[in-house]
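*Asks:* To start, I am sharing the structure in question, which I have written as structure tokens.
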Amino acid sequence: EATSQGSLDLAHSPSLEGTFTGVDPAGLLWSALPKEKLARPQSILNGETNGGLTPQISPLAAFEYELTIKTDETSAQSHRVTRRRLPPGVSQSLLPTPLAGTLFEPAEPNGVGVLVIGGSEGGLFPARAAQLAGAGFTTIALAYFDYPGRPRAARAITIEYFAQALGFLRDQETVKRAGVIGVSRGSEVVQLLAITQPNAVD
């Protein structure tokens with residue numbers, strides 16, 4: 001709801017209804033739904049998702065939004081917004097075998113590297129690594145199963161594979177310190193890495 005002066009500040013004005021509640025400046029973007037409902041396959045672990053929950057969306061494709069503000073039933077103002085998941089200036093390259101995944105290098109590295117590991121859905125989830133690279137981190141989005149060159153299922157995968165990826169990250173000239181981020185099942189890998197490779201994880 002706009003103020004009596006007609007201004008609207010999403011950092012202070014709460015949502016009154018819709019796809020999110022409360023105060024959130026980015027709520028209109030992260031809670032936006034596509035005009036046509038995207039199918040979410042039940043067989044996520046059967047490889048139909050190509051390493052992601054929404055196979056119809058490229059992992060690094062930009063999202064385009066059209067925001068429309070209506071003051072009444074006859075008057076409306078629209079504006080198009082593009083939300084990029086591959087920040088400007090970030091370069092990407094494939095990891096050397098036997099590693100599988102993508103190395104993201106920022107335009108202005110901050111000296112810190114981050115190994116990003118996904119969960120039980122398998123495949124490659126590069127968006128988080130790309131966004132971190134946009135903030136100056138040299139990152140690796142690492143696939144460990146259900147991806148070309150990797151086992152079909154998350155079984156009997158050695159911790160040495162992840163340690164090798166961490167070593168490759170630390171070997172980059174721009175990396176002075178390194179950390180790891182794991183999502184869901186990948187958080188177990190992160191804990192094991194911290195325990196078994198204490199000198200490699202900062």
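Naming scheme: A, B, ... for chains in displayed order of the structure tokens; residues 1 onward per chain; ligands 1 onward as shown.
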At a cut-off of 10 Å, using only C-alpha atoms, what residues contact region 177-182 of chain A? Leave out same-chain residues fewer than 3 positions from it and give the result as number ranges by chain.

*Replies:* A: 110-119, 128-129, 137-141, 166-167, 169-170, 174, 185-191, 193-194, 200-202

*Asks:* Looking only at the backbone, which of the residues in region 74-132 of chain A does DSSP tag as helix (DSSP H, G or I), as a ChimeraX atom specification?

*Replies:* /A:127-132

*Asks:* Just to be explicit: take each residue in the selection above, keep all heavy atoms, and write the result as a tab-separated table (two decimals), in the first residue's frame.

*Replies:*
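This is the output file selection-v5.tsv:
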chain	number	residue	atom	x	y	z
A	127	ALA	N	24.45	-22.09	-10.31
A	127	ALA	CA	23.98	-20.72	-10.06
A	127	ALA	C	24.59	-20.11	-8.80
A	127	ALA	O	25.01	-18.95	-8.79
A	127	ALA	CB	22.46	-20.69	-10.00
A	128	ARG	N	24.65	-20.89	-7.70
A	128	ARG	CA	25.20	-20.35	-6.46
A	128	ARG	C	26.68	-20.00	-6.63
A	128	ARG	O	27.15	-18.96	-6.17
A	128	ARG	CB	25.02	-21.36	-5.32
A	128	ARG	CG	25.55	-20.86	-3.99
A	128	ARG	CD	25.25	-21.82	-2.86
A	128	ARG	NE	23.88	-21.67	-2.40
A	128	ARG	CZ	22.91	-22.55	-2.67
A	128	ARG	NH1	23.16	-23.62	-3.36
A	128	ARG	NH2	21.69	-22.35	-2.22
A	129	ALA	N	27.42	-20.87	-7.31
A	129	ALA	CA	28.85	-20.62	-7.54
A	129	ALA	C	29.05	-19.38	-8.41
A	129	ALA	O	29.95	-18.58	-8.17
A	129	ALA	CB	29.50	-21.83	-8.19
A	130	ALA	N	28.19	-19.21	-9.42
A	130	ALA	CA	28.30	-18.05	-10.29
A	130	ALA	C	28.03	-16.76	-9.53
A	130	ALA	O	28.73	-15.75	-9.71
A	130	ALA	CB	27.32	-18.18	-11.46
A	131	GLN	N	27.02	-16.78	-8.66
A	131	GLN	CA	26.71	-15.58	-7.88
A	131	GLN	C	27.85	-15.22	-6.92
A	131	GLN	O	28.18	-14.06	-6.74
A	131	GLN	CB	25.41	-15.80	-7.10
A	131	GLN	CG	24.17	-15.82	-7.97
A	131	GLN	CD	23.91	-14.49	-8.64
A	131	GLN	OE1	23.91	-13.45	-8.00
A	131	GLN	NE2	23.71	-14.52	-9.94
A	132	LEU	N	28.45	-16.23	-6.31
A	132	LEU	CA	29.60	-15.97	-5.43
A	132	LEU	C	30.76	-15.38	-6.21
A	132	LEU	O	31.46	-14.47	-5.73
A	132	LEU	CB	30.03	-17.26	-4.74
A	132	LEU	CG	29.13	-17.75	-3.60
A	132	LEU	CD1	29.51	-19.18	-3.19
A	132	LEU	CD2	29.23	-16.82	-2.41

*Asks:* Need the shell around Val90 (chain A): protein/DNA/RNA residues with any atom at most 8 Å away, counting only C-alpha atoms. Skip same-chain ones fewer than 4 positions apart. Format as a compact mmCIF listing (two decimals) with N, CA, C and O atoms, in the first residue's frame?

*Replies:*
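Output file selection.txt is given in full below:
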# COMPACT_ATOMS: atom_id res chain seq x y z
N LEU A 86 24.37 -15.19 -14.04
CA LEU A 86 25.79 -15.18 -14.37
C LEU A 86 26.20 -13.70 -14.39
O LEU A 86 25.94 -12.99 -15.35
N PHE A 104 34.42 -20.96 -11.93
CA PHE A 104 33.98 -19.59 -12.17
C PHE A 104 35.04 -18.63 -11.62
O PHE A 104 35.42 -18.73 -10.45
N GLU A 105 35.49 -17.72 -12.48
CA GLU A 105 36.52 -16.78 -12.08
C GLU A 105 36.00 -15.35 -12.14
O GLU A 105 35.47 -14.93 -13.17
N PRO A 106 36.12 -14.61 -11.04
CA PRO A 106 35.59 -13.25 -11.00
C PRO A 106 36.51 -12.26 -11.71
O PRO A 106 37.71 -12.53 -11.89
N ALA A 107 35.96 -11.14 -12.10
CA ALA A 107 36.76 -10.09 -12.74
C ALA A 107 37.73 -9.49 -11.73
O ALA A 107 38.87 -9.15 -12.07
N ALA A 130 28.19 -19.21 -9.42
CA ALA A 130 28.30 -18.05 -10.29
C ALA A 130 28.03 -16.76 -9.53
O ALA A 130 28.73 -15.75 -9.71
N ALA A 133 30.95 -15.86 -7.44
CA ALA A 133 32.02 -15.31 -8.28
C ALA A 133 31.75 -13.85 -8.59
O ALA A 133 32.67 -13.04 -8.70
N GLY A 134 30.49 -13.49 -8.72
CA GLY A 134 30.14 -12.10 -8.96
C GLY A 134 30.51 -11.20 -7.79
O GLY A 134 30.67 -9.99 -7.94

*Asks:* Using Å and a single decimal, report how far CA of Gly6 (chain A) sits from CA of Ser78 (chain A).

*Replies:* 16.2 Å

*Asks:* Can you pull out every residue from region 4-167 of chain A that DSSP, working from the backbone, puts in strand (DSSP E), and format the result as number ranges by chain?

*Replies:* A: 63-70, 76-83, 91-94, 101-105, 112-117, 138-142

*Asks:* Figure out the distance between CA of Asp171 (chain A) and CA of Pro198 (chain A), please, to one decimal in Å.

*Replies:* 16.5 Å

*Asks:* Please, what distance in Å, to one decimal, runs between CA of Tyr144 (chain A) and CA of Gln197 (chain A)?

*Replies:*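 Computing it gives 17.9 Å between the two atoms.
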
*Asks:* With only C-alpha atoms as the atoms that count, which of A:Pro87, A:Phe125, A:Pro109, A:Trp30 lies nearest to Gln172 (chain A)?

*Replies:*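 Among the listed residues, the smallest separation from Gln172 (chain A) belongs to A:Pro109.
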
*Asks:* Under the rule that only C-alpha atoms are counted, which of A:Leu192, A:Leu124, A:Ala11, A:Leu94 is the nearest residue to Asp24 (chain A)?

*Replies:*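 The closest residue to Asp24 (chain A) is A:Ala11.
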